[in-house]
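Chemist: My structure is in structure_32.csv, and what it holds is CSV, C-alpha atoms and all ligand atoms:
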chain,number,residue,atom,x,y,z
A,263,MET,CA,-14.9,19.4,10.1
A,264,LYS,CA,-14.4,16.1,12.0
A,265,THR,CA,-10.8,15.2,12.7
A,266,THR,CA,-9.8,11.6,13.2
A,267,GLY,CA,-6.6,9.6,12.7
A,268,GLY,CA,-3.1,10.4,13.5
A,269,SER,CA,-1.1,13.6,13.9
A,270,ASP,CA,-1.8,16.8,11.9
A,271,GLY,CA,1.9,16.8,10.9
A,272,ALA,CA,1.6,13.4,9.3
A,273,LYS,CA,-1.6,14.5,7.5
A,274,ARG,CA,0.2,17.7,6.3
A,275,ARG,CA,3.1,15.7,4.9
A,276,ALA,CA,0.8,13.4,3.0
A,277,GLY,CA,-1.3,16.3,1.6
A,278,GLU,CA,1.7,18.3,0.6
A,279,SER,CA,3.4,15.3,-1.1
A,280,ALA,CA,0.3,14.8,-3.3
A,281,ALA,CA,0.0,18.5,-4.1
A,282,ALA,CA,3.6,18.4,-5.4
A,283,LEU,CA,2.4,16.0,-8.2
A,284,VAL,CA,0.1,18.7,-9.7
A,285,GLU,CA,1.4,20.2,-13.0
A,286,PRO,CA,0.5,23.3,-14.9
A,287,GLY,CA,-2.8,23.1,-16.9
A,288,MET,CA,-4.2,20.2,-14.9
A,289,THR,CA,-7.8,19.9,-13.8
A,290,VAL,CA,-7.6,18.6,-10.2
A,291,GLY,CA,-10.2,16.8,-8.1
A,292,LEU,CA,-10.1,18.3,-4.6
A,293,GLY,CA,-11.1,15.9,-1.9
A,294,THR,CA,-12.8,16.4,1.5
A,295,GLY,CA,-11.5,16.0,5.0
A,296,SER,CA,-8.6,17.1,7.3
A,297,THR,CA,-5.9,15.5,5.2
A,298,ALA,CA,-7.1,16.6,1.7
A,299,ALA,CA,-7.4,20.1,3.3
A,300,HIS,CA,-3.6,20.2,3.5
A,301,ALA,CA,-3.3,19.4,-0.2
A,302,ILE,CA,-5.8,22.2,-1.0
A,303,ARG,CA,-3.9,24.7,1.1
A,304,ARG,CA,-0.6,23.8,-0.5
A,305,LEU,CA,-2.1,24.0,-4.0
A,306,GLY,CA,-3.4,27.5,-3.1
A,307,GLU,CA,0.2,28.5,-2.3
A,308,ARG,CA,1.4,27.1,-5.6
A,309,VAL,CA,-1.4,29.0,-7.4
A,310,ALA,CA,-0.3,32.2,-5.7
A,311,ASP,CA,3.2,31.5,-7.1
A,312,GLY,CA,1.8,31.2,-10.6
A,313,LEU,CA,0.6,27.6,-11.0
A,314,ASP,CA,-2.2,27.5,-13.6
A,315,ILE,CA,-4.8,24.9,-12.6
A,316,GLU,CA,-8.5,24.4,-12.1
A,317,GLY,CA,-10.0,22.6,-9.1
A,318,VAL,CA,-13.1,20.4,-9.0
A,319,PRO,CA,-14.4,20.3,-5.4
A,320,THR,CA,-16.0,17.2,-3.9
A,321,SER,CA,-18.1,19.0,-1.3
A,322,PHE,CA,-19.3,22.3,0.1
A,323,ASP,CA,-16.4,22.2,2.5
A,324,SER,CA,-13.7,21.6,-0.1
A,325,ARG,CA,-15.2,24.3,-2.3
A,326,GLN,CA,-15.0,26.8,0.6
A,327,ARG,CA,-11.4,25.8,1.3
A,328,ALA,CA,-10.4,26.0,-2.3
A,329,ARG,CA,-12.0,29.5,-2.7
A,330,ASP,CA,-10.3,30.6,0.5
A,331,ALA,CA,-7.0,29.3,-0.9
A,332,GLY,CA,-7.5,31.2,-4.2
A,333,ILE,CA,-7.8,28.1,-6.5
A,334,PRO,CA,-9.9,28.7,-9.7
A,335,LEU,CA,-12.8,26.3,-9.7
A,336,ARG,CA,-15.0,24.4,-12.1
A,337,ALA,CA,-18.2,22.6,-11.3
A,338,LEU,CA,-18.3,18.9,-11.7
A,339,GLU,CA,-21.1,19.1,-14.2
A,340,ASP,CA,-18.9,21.3,-16.5
A,341,VAL,CA,-15.9,19.0,-16.6
A,342,ASP,CA,-15.3,16.1,-18.9
A,343,THR,CA,-11.8,15.1,-17.8
A,344,ILE,CA,-10.0,15.3,-14.4
A,345,ASP,CA,-6.3,14.8,-14.6
A,346,LEU,CA,-5.5,14.1,-11.0
A,347,ALA,CA,-7.7,13.7,-7.9
A,348,ILE,CA,-6.3,14.0,-4.3
A,349,ASP,CA,-8.5,12.7,-1.5
A,350,GLY,CA,-8.3,11.3,2.0
A,351,ALA,CA,-9.7,8.0,3.4
A,352,ASP,CA,-10.9,6.7,6.7
A,353,GLN,CA,-9.1,3.3,6.2
A,354,VAL,CA,-6.9,1.8,3.5
A,355,ALA,CA,-6.1,-1.9,2.9
A,356,ASP,CA,-4.3,-3.0,-0.2
A,357,PHE,CA,-5.6,0.0,-2.3
A,358,ALA,CA,-9.2,-0.6,-1.2
A,359,LEU,CA,-10.7,2.3,0.9
A,360,VAL,CA,-13.4,3.2,3.2
A,361,LYS,CA,-14.4,6.8,2.8
A,362,GLY,CA,-17.3,9.1,3.9
A,363,GLY,CA,-16.4,10.0,7.5
A,364,GLY,CA,-17.4,13.5,6.4
A,365,ALA,CA,-20.4,12.2,4.5
A,366,ALA,CA,-18.9,13.5,1.2
A,367,HIS,CA,-18.3,10.0,-0.4
A,368,ALA,CA,-21.0,10.3,-3.2
A,369,ARG,CA,-19.4,13.2,-4.9
A,370,GLU,CA,-15.9,12.0,-4.0
A,371,LYS,CA,-16.5,8.7,-5.8
A,372,LEU,CA,-17.7,10.6,-8.9
A,373,VAL,CA,-14.6,12.8,-9.0
A,374,ASP,CA,-12.0,10.2,-7.8
A,375,THR,CA,-13.2,7.5,-10.2
A,376,ALA,CA,-13.3,9.9,-13.1
A,377,ALA,CA,-9.8,11.0,-12.5
A,378,GLU,CA,-6.9,9.7,-14.7
A,379,ARG,CA,-4.9,9.4,-11.6
A,380,PHE,CA,-6.3,9.1,-8.1
A,381,VAL,CA,-3.9,9.8,-5.2
A,382,VAL,CA,-5.0,8.9,-1.7
A,383,VAL,CA,-3.6,10.9,1.3
A,384,VAL,CA,-3.6,9.4,4.7
A,385,ASP,CA,-1.6,9.3,7.9
A,386,SER,CA,-0.3,5.9,8.9
A,387,SER,CA,-3.1,5.3,11.5
A,388,LYS,CA,-5.4,4.7,8.5
A,389,GLN,CA,-3.5,1.7,7.2
A,390,ALA,CA,-4.9,-1.8,7.9
A,391,ASP,CA,-4.4,-5.4,6.7
A,392,VAL,CA,-8.1,-5.9,6.2
A,393,LEU,CA,-10.8,-3.2,6.0
A,394,SER,CA,-13.0,-3.1,9.2
A,395,HIS,CA,-14.1,0.5,9.4
A,396,PRO,CA,-17.9,1.0,9.4
A,397,VAL,CA,-19.0,1.7,5.8
A,398,PRO,CA,-21.0,5.0,5.4
A,399,VAL,CA,-24.0,4.4,3.1
A,400,GLU,CA,-25.8,7.5,1.8
A,401,VAL,CA,-29.5,6.8,1.4
A,402,LEU,CA,-32.6,8.7,0.2
A,403,PRO,CA,-34.3,10.1,3.4
A,404,VAL,CA,-37.5,8.1,2.8
A,405,ALA,CA,-35.4,4.9,2.5
A,406,HIS,CA,-33.4,4.8,5.7
A,407,SER,CA,-35.5,2.2,7.6
A,408,VAL,CA,-35.8,0.0,4.5
A,409,VAL,CA,-32.1,0.1,3.8
A,410,ALA,CA,-31.3,-0.5,7.4
A,411,GLY,CA,-33.3,-3.7,7.2
A,412,THR,CA,-31.5,-4.7,4.0
A,413,VAL,CA,-28.1,-4.0,5.5
A,414,ARG,CA,-29.0,-6.2,8.5
A,415,ASP,CA,-30.0,-9.0,6.1
A,416,ALA,CA,-26.6,-8.6,4.4
A,417,GLY,CA,-24.9,-9.2,7.8
A,418,GLY,CA,-24.3,-5.5,8.8
A,419,GLU,CA,-25.3,-3.4,11.7
A,420,PRO,CA,-26.5,0.0,10.6
A,421,SER,CA,-26.7,3.1,12.6
A,422,LEU,CA,-28.2,6.4,11.4
A,423,ARG,CA,-25.5,9.1,11.6
A,424,ARG,CA,-26.5,11.9,14.0
A,425,ALA,CA,-25.4,15.5,13.9
A,426,ASP,CA,-23.2,16.9,16.7
A,427,ARG,CA,-24.5,20.4,16.8
A,428,LYS,CA,-28.2,19.9,15.8
A,429,ASP,CA,-31.0,17.6,16.9
A,430,GLY,CA,-31.5,14.9,14.3
A,431,PRO,CA,-29.5,13.2,11.6
A,432,VAL,CA,-26.6,14.4,9.4
A,433,VAL,CA,-27.9,15.6,6.1
A,434,THR,CA,-25.4,15.3,3.2
A,435,ASP,CA,-24.6,18.0,0.6
A,436,ASN,CA,-27.1,16.1,-1.6
A,437,GLY,CA,-29.9,16.3,0.9
A,438,ASN,CA,-29.7,12.6,2.0
A,439,LEU,CA,-29.0,10.7,5.2
A,440,VAL,CA,-26.1,8.4,6.2
A,441,LEU,CA,-26.2,4.9,7.7
A,442,ASP,CA,-22.8,3.9,9.2
A,443,CYS,CA,-22.8,0.1,8.7
A,444,GLU,CA,-20.6,-2.1,10.8
A,445,PHE,CA,-19.6,-5.4,9.0
A,446,GLY,CA,-16.6,-6.4,11.1
A,447,ASP,CA,-13.7,-7.5,8.9
A,448,ILE,CA,-14.5,-7.0,5.3
A,449,ALA,CA,-12.7,-9.9,3.6
A,450,GLU,CA,-14.2,-9.3,0.2
A,451,PRO,CA,-14.7,-5.6,-0.4
A,452,THR,CA,-15.6,-6.0,-4.1
A,453,ALA,CA,-18.4,-8.3,-3.2
A,454,LEU,CA,-19.7,-6.1,-0.4
A,455,ALA,CA,-19.5,-3.0,-2.7
A,456,ARG,CA,-21.6,-4.7,-5.3
A,457,THR,CA,-24.2,-5.8,-2.6
A,458,LEU,CA,-24.5,-2.3,-1.2
A,459,SER,CA,-24.8,-0.7,-4.7
A,460,GLU,CA,-27.6,-3.0,-5.6
A,461,MET,CA,-29.8,-2.1,-2.6
A,462,PRO,CA,-32.8,0.1,-3.6
A,463,GLY,CA,-32.7,3.4,-1.8
A,464,VAL,CA,-28.9,3.5,-1.6
A,465,VAL,CA,-27.4,6.6,-3.3
A,466,GLU,CA,-23.8,5.7,-2.8
A,467,HIS,CA,-21.6,3.9,-0.3
A,468,GLY,CA,-18.1,4.6,1.0
A,469,LEU,CA,-16.3,1.5,-0.2
A,470,PHE,CA,-13.8,2.5,-3.0
A,471,VAL,CA,-12.4,-0.6,-4.7
A,472,GLY,CA,-10.2,-0.5,-7.8
A,473,SER,CA,-9.9,3.3,-8.2
A,474,ALA,CA,-6.9,4.3,-6.1
A,475,ASP,CA,-3.6,4.5,-8.0
A,476,GLU,CA,-1.3,5.7,-5.3
A,477,VAL,CA,-1.4,6.1,-1.5
A,478,HIS,CA,0.8,8.8,0.1
A,479,VAL,CA,1.1,7.8,3.8
A,480,GLY,CA,2.3,10.6,6.1
A,481,THR,CA,4.3,9.6,9.1
A,482,ASP,CA,6.0,11.5,11.9
A,483,SER,CA,9.2,11.8,9.9
A,484,GLY,CA,8.2,11.7,6.2
A,485,VAL,CA,6.0,10.1,3.5
A,486,ARG,CA,5.8,6.6,2.2
A,487,VAL,CA,4.4,6.4,-1.4
A,488,LEU,CA,2.6,3.1,-2.4
A,489,GLU,CA,1.9,2.7,-6.1
A,490,ARG,CA,-0.5,0.1,-7.5
A,491,GLU,CA,1.2,-2.2,-10.1
K,1,LIG,O1,-16.4,12.2,3.6
K,1,LIG,C1,-15.3,12.5,3.8
K,1,LIG,C2,-14.1,11.9,3.2
K,1,LIG,O2,-14.3,10.6,2.6
K,1,LIG,C3,-12.8,12.0,3.9
K,1,LIG,O3,-11.8,12.1,2.8
K,1,LIG,C4,-12.4,10.9,4.9
K,1,LIG,O4,-13.4,10.9,5.9
K,1,LIG,C5,-11.0,11.2,5.5
K,1,LIG,O5,-11.0,12.4,6.2
K,1,LIG,P1,-9.8,12.8,7.2
K,1,LIG,O6,-8.7,13.1,6.2
K,1,LIG,O7,-10.3,14.0,7.9
K,1,LIG,O8,-9.6,11.7,8.1
The structure given in the file should be rewritten as structure tokens.
Ligand SMILES: O=C[C@H](O)[C@H](O)[C@H](O)COP(=O)(O)O
Modeler:
Amino acid sequence: MKTTGGSDGAKRRAGESAAALVEPGMTVGLGTGSTAAHAIRRLGERVADGLDIEGVPTSFDSRQRARDAGIPLRALEDVDTIDLAIDGADQVADFALVKGGGAAHAREKLVDTAAERFVVVVDSSKQADVLSHPVPVEVLPVAHSVVAGTVRDAGGEPSLRRADRKDGPVVTDNGNLVLDCEFGDIAEPTALARTLSEMPGVVEHGLFVGSADEVHVGTDSGVRVLERE
């Protein structure tokens, strides 16, 4: 798993703070990444102490972590309600997010958007006034060149994500490729999200606008909770 952002202690505090919101009987969306991993681990401890929940993983990685932690799981296709989703982000500005640093954003968006309550867990290095992080765009493999051109036409600079430990590109859990698209400051995330969604060949992009209800920001000394009004 890639690790970016601030200290592991800050990530742990954010993840554990969100895990404390989970109540008996809930169906819980389990996010991907190094911060959500702390929530999964903590939930596993609570399950061992008798908490009765079911988890819905957002990726191969979160499924493995949840299994290792002993959390009972349900597949996304078998679930019609998700009470609470806990997930990380690569950048947060005013409850808008960039996600997908681990290439899991397509399933994450399904789970996080379907949840009654979506709680974001980050360390304070992820907070910004304006989003500027490159936006991961998952594309059909045959479409990567065409979408790269369309992204350039929309003012972005795409770059095909390469794998660290393999020759060639990163392949997502869905068998697709990822273009990391640099747009500079994203002054209007809603408009950019719509533009990316409308591009033929795009499976899903990592701009999450309007779905986050709370952000738990881990710091070196505690957790700041931001709630959307
Ligand atoms: O695809 C991965 C996800 O969107 C992650 O939630 C995001 O990249 C944040 O990960 P981390 O908590 O490891 O920085």
Chemist: Could you list, as a VMD selection string, all the residues within 6 Å of ligand LIG 1 (chain K), counting all atoms listed in the file?
Modeler: chain A and resid 265 to 267 294 to 298 349 to 352 361 to 367
Chemist: So, counting only C-alpha atoms, which residue among A:Gln353, A:Ser483, A:Ser387, A:Ser407 is closest to Leu469 of chain A?
Modeler: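 So, comparing all the options, the nearest one is A:Gln353.
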Chemist: Which neighbours of Ser459 of chain A fall inside 12 Å, counting all atoms listed in the file, when residues of the same chain fewer than 5 positions from it are skipped, and could you give them as a JSON list (two decimals) with C-alpha atoms, in the coordinates of the input?
Modeler:
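What follows is the written file selection.json:
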[["chain", "number", "residue", "atom", "x", "y", "z"],
["A", 368, "ALA", "CA", -21.00, 10.30, -3.20],
["A", 399, "VAL", "CA", -24.00, 4.40, 3.10],
["A", 400, "GLU", "CA", -25.80, 7.50, 1.80],
["A", 401, "VAL", "CA", -29.50, 6.80, 1.40],
["A", 409, "VAL", "CA", -32.10, 0.10, 3.80],
["A", 412, "THR", "CA", -31.50, -4.70, 4.00],
["A", 413, "VAL", "CA", -28.10, -4.00, 5.50],
["A", 452, "THR", "CA", -15.60, -6.00, -4.10],
["A", 453, "ALA", "CA", -18.40, -8.30, -3.20],
["A", 454, "LEU", "CA", -19.70, -6.10, -0.40],
["A", 464, "VAL", "CA", -28.90, 3.50, -1.60],
["A", 465, "VAL", "CA", -27.40, 6.60, -3.30],
["A", 466, "GLU", "CA", -23.80, 5.70, -2.80],
["A", 467, "HIS", "CA", -21.60, 3.90, -0.30],
["A", 468, "GLY", "CA", -18.10, 4.60, 1.00],
["A", 469, "LEU", "CA", -16.30, 1.50, -0.20],
["A", 470, "PHE", "CA", -13.80, 2.50, -3.00]]
Chemist: Any idea what the distance is between atom CA of Cys443 of chain A and atom CA of Ile348 of chain A?
Modeler: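 Atom CA of Cys443 of chain A sits 25.2 Å away from atom CA of Ile348 of chain A.
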Chemist: Taking into account all atoms listed in the file, which residue in the set A:Ala405, A:Ala455, A:Ala331, A:Val354 is nearest to Val384 of chain A?
Modeler: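 Comparing A:Ala405, A:Ala455, A:Ala331, A:Val354 against Val384 of chain A, the winner is A:Val354.
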Chemist: Quick one, how far is atom CA of Gly293 of chain A from atom CA of Val382 of chain A?
Modeler: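 Atom CA of Val382 of chain A lies at a distance of 9.3 Å from atom CA of Gly293 of chain A.
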Chemist: Within 6 Å of Val432 of chain A, counting all atoms listed in the file, which residues show up once you throw out same-chain ones fewer than 6 positions away? Write them as a count of residues only, please.
Modeler: 3
Chemist: Leu292 of chain A: which residues within 10 Å, counting all atoms listed in the file, same-chain residues fewer than 3 positions away excluded, as a short mmCIF file (atom, residue, chain, number, x, y, z; two decimals) with C-alpha atoms, in the frame of the given file?
Modeler:
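Produced file around.cif, reproduced below:
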data_model
loop_
_atom_site.label_atom_id
_atom_site.label_comp_id
_atom_site.auth_asym_id
_atom_site.auth_seq_id
_atom_site.Cartn_x
_atom_site.Cartn_y
_atom_site.Cartn_z
CA THR A 289 -7.80 19.90 -13.80
CA GLY A 295 -11.50 16.00 5.00
CA ALA A 298 -7.10 16.60 1.70
CA ALA A 299 -7.40 20.10 3.30
CA ALA A 301 -3.30 19.40 -0.20
CA ILE A 302 -5.80 22.20 -1.00
CA LEU A 305 -2.10 24.00 -4.00
CA GLU A 316 -8.50 24.40 -12.10
CA GLY A 317 -10.00 22.60 -9.10
CA VAL A 318 -13.10 20.40 -9.00
CA PRO A 319 -14.40 20.30 -5.40
CA THR A 320 -16.00 17.20 -3.90
CA SER A 321 -18.10 19.00 -1.30
CA SER A 324 -13.70 21.60 -0.10
CA ARG A 325 -15.20 24.30 -2.30
CA ARG A 327 -11.40 25.80 1.30
CA ALA A 328 -10.40 26.00 -2.30
CA LEU A 335 -12.80 26.30 -9.70
CA LEU A 346 -5.50 14.10 -11.00
CA ALA A 347 -7.70 13.70 -7.90
CA ILE A 348 -6.30 14.00 -4.30
CA ASP A 349 -8.50 12.70 -1.50
CA GLY A 350 -8.30 11.30 2.00
CA GLU A 370 -15.90 12.00 -4.00
CA VAL A 373 -14.60 12.80 -9.00
CA ASP A 374 -12.00 10.20 -7.80
#
Chemist: Can you pull out every residue within 12 Å of Ala310 of chain A, counting only C-alpha atoms, but drop anything in the same chain fewer than 5 positions away, and send it as a PyMOL selection string?
Modeler: chain A and resi 303-305+315+330-334
Chemist: Rank A:Ile448, A:Ala355, A:Val487, A:Val433 by their smallest atom-to-atom distance to Ala276 of chain A, using all atoms listed in the file, and report the top residue only.
Modeler: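 Closest to Ala276 of chain A of all the choices is A:Val487.
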Chemist: Excluding Glu489 of chain A and any residue of its chain fewer than 2 positions from it, enumerate the residues within 8 Å of it, using all atoms listed in the file, and give them as a VMD selection string.
Modeler: chain A and resid 475 to 477 487 491
Chemist: Between atom CA of Asp270 of chain A and atom CA of His300 of chain A, measure the distance and give it in Å to one decimal.
Modeler: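 Distance between the two atoms: 9.2 Å.
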Chemist: Which is closer to Gly277 of chain A than all the others in A:Val485, A:Leu458, A:Val383, A:Leu359, using only C-alpha atoms?
Modeler: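 The answer is A:Val383, which sits nearest to Gly277 of chain A.
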Chemist: So which one's closest to Glu285 of chain A, A:Ala272, A:Ala376, A:Leu439, A:Val309? Using only C-alpha atoms, please.
Modeler: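 Going through A:Ala272, A:Ala376, A:Leu439, A:Val309 one by one, the smallest distance to Glu285 of chain A is for A:Val309.
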Chemist: With distances taken over only C-alpha atoms, which residue among A:Leu402, A:Pro462, A:Asp426, A:Gly472 lies nearest Asn438 of chain A?
Modeler: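 Checking each candidate against Asn438 of chain A, we get A:Leu402 as the closest.
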Chemist: Return as AutoDock Vina command-line options the centre and edge lengths, in Å with one decimal, of the box along x, y and z that encloses every atom of segment 456-465 of chain A in the file, padded by 4 Å per side.
Modeler:
--center_x -27.2 --center_y 0.4 --center_z -3.4 --size_x 19.2 --size_y 20.4 --size_z 12.4
Chemist: Mind filling out segment 318-339 of chain A with N, CA and C atoms and sending it as an mmCIF file, keeping the file's coordinate frame?
Modeler:
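Below you can see out06.cif, which holds the result:
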data_model
loop_
_atom_site.group_PDB
_atom_site.id
_atom_site.type_symbol
_atom_site.label_atom_id
_atom_site.label_comp_id
_atom_site.auth_asym_id
_atom_site.auth_seq_id
_atom_site.Cartn_x
_atom_site.Cartn_y
_atom_site.Cartn_z
ATOM 1 N N VAL A 318 -11.719 20.926 -9.012
ATOM 2 C CA VAL A 318 -13.100 20.400 -9.000
ATOM 3 C C VAL A 318 -13.402 19.958 -7.598
ATOM 4 N N PRO A 319 -14.193 20.709 -6.836
ATOM 5 C CA PRO A 319 -14.400 20.300 -5.400
ATOM 6 C C PRO A 319 -15.353 19.120 -5.309
ATOM 7 N N THR A 320 -15.191 18.399 -4.197
ATOM 8 C CA THR A 320 -16.000 17.200 -3.900
ATOM 9 C C THR A 320 -17.091 17.463 -2.881
ATOM 10 N N SER A 321 -17.150 18.680 -2.352
ATOM 11 C CA SER A 321 -18.100 19.000 -1.300
ATOM 12 C C SER A 321 -18.227 20.465 -1.076
ATOM 13 N N PHE A 322 -19.222 20.870 -0.329
ATOM 14 C CA PHE A 322 -19.300 22.300 0.100
ATOM 15 C C PHE A 322 -18.063 22.690 0.798
ATOM 16 N N ASP A 323 -17.580 21.804 1.688
ATOM 17 C CA ASP A 323 -16.400 22.200 2.500
ATOM 18 C C ASP A 323 -15.154 22.332 1.627
ATOM 19 N N SER A 324 -14.924 21.417 0.684
ATOM 20 C CA SER A 324 -13.700 21.600 -0.100
ATOM 21 C C SER A 324 -13.815 22.756 -1.064
ATOM 22 N N ARG A 325 -15.049 23.080 -1.505
ATOM 23 C CA ARG A 325 -15.200 24.300 -2.300
ATOM 24 C C ARG A 325 -14.844 25.529 -1.536
ATOM 25 N N GLN A 326 -15.318 25.601 -0.286
ATOM 26 C CA GLN A 326 -15.000 26.800 0.600
ATOM 27 C C GLN A 326 -13.496 26.895 0.784
ATOM 28 N N ARG A 327 -12.882 25.756 1.076
ATOM 29 C CA ARG A 327 -11.400 25.800 1.300
ATOM 30 C C ARG A 327 -10.668 26.215 0.080
ATOM 31 N N ALA A 328 -11.088 25.692 -1.075
ATOM 32 C CA ALA A 328 -10.400 26.000 -2.300
ATOM 33 C C ALA A 328 -10.582 27.516 -2.648
ATOM 34 N N ARG A 329 -11.789 28.013 -2.425
ATOM 35 C CA ARG A 329 -12.000 29.500 -2.700
ATOM 36 C C ARG A 329 -11.132 30.281 -1.746
ATOM 37 N N ASP A 330 -11.105 29.903 -0.461
ATOM 38 C CA ASP A 330 -10.300 30.600 0.500
ATOM 39 C C ASP A 330 -8.803 30.594 0.090
ATOM 40 N N ALA A 331 -8.400 29.480 -0.519
ATOM 41 C CA ALA A 331 -7.000 29.300 -0.900
ATOM 42 C C ALA A 331 -6.681 29.974 -2.249
ATOM 43 N N GLY A 332 -7.731 30.461 -2.955
ATOM 44 C CA GLY A 332 -7.500 31.200 -4.200
ATOM 45 C C GLY A 332 -7.360 30.258 -5.425
ATOM 46 N N ILE A 333 -7.881 29.032 -5.345
ATOM 47 C CA ILE A 333 -7.800 28.100 -6.500
ATOM 48 C C ILE A 333 -8.976 28.322 -7.416
ATOM 49 N N PRO A 334 -8.742 28.568 -8.714
ATOM 50 C CA PRO A 334 -9.900 28.700 -9.700
ATOM 51 C C PRO A 334 -10.648 27.390 -9.725
ATOM 52 N N LEU A 335 -11.964 27.479 -9.769
ATOM 53 C CA LEU A 335 -12.800 26.300 -9.700
ATOM 54 C C LEU A 335 -13.662 26.047 -10.875
ATOM 55 N N ARG A 336 -13.954 24.770 -11.133
ATOM 56 C CA ARG A 336 -15.000 24.400 -12.100
ATOM 57 C C ARG A 336 -15.934 23.438 -11.451
ATOM 58 N N ALA A 337 -17.219 23.557 -11.823
ATOM 59 C CA ALA A 337 -18.200 22.600 -11.300
ATOM 60 C C ALA A 337 -18.086 21.286 -11.927
ATOM 61 N N LEU A 338 -18.408 20.261 -11.171
ATOM 62 C CA LEU A 338 -18.300 18.900 -11.700
ATOM 63 C C LEU A 338 -19.089 18.698 -12.969
ATOM 64 N N GLU A 339 -20.262 19.319 -13.050
ATOM 65 C CA GLU A 339 -21.100 19.100 -14.200
ATOM 66 C C GLU A 339 -20.521 19.760 -15.499
#
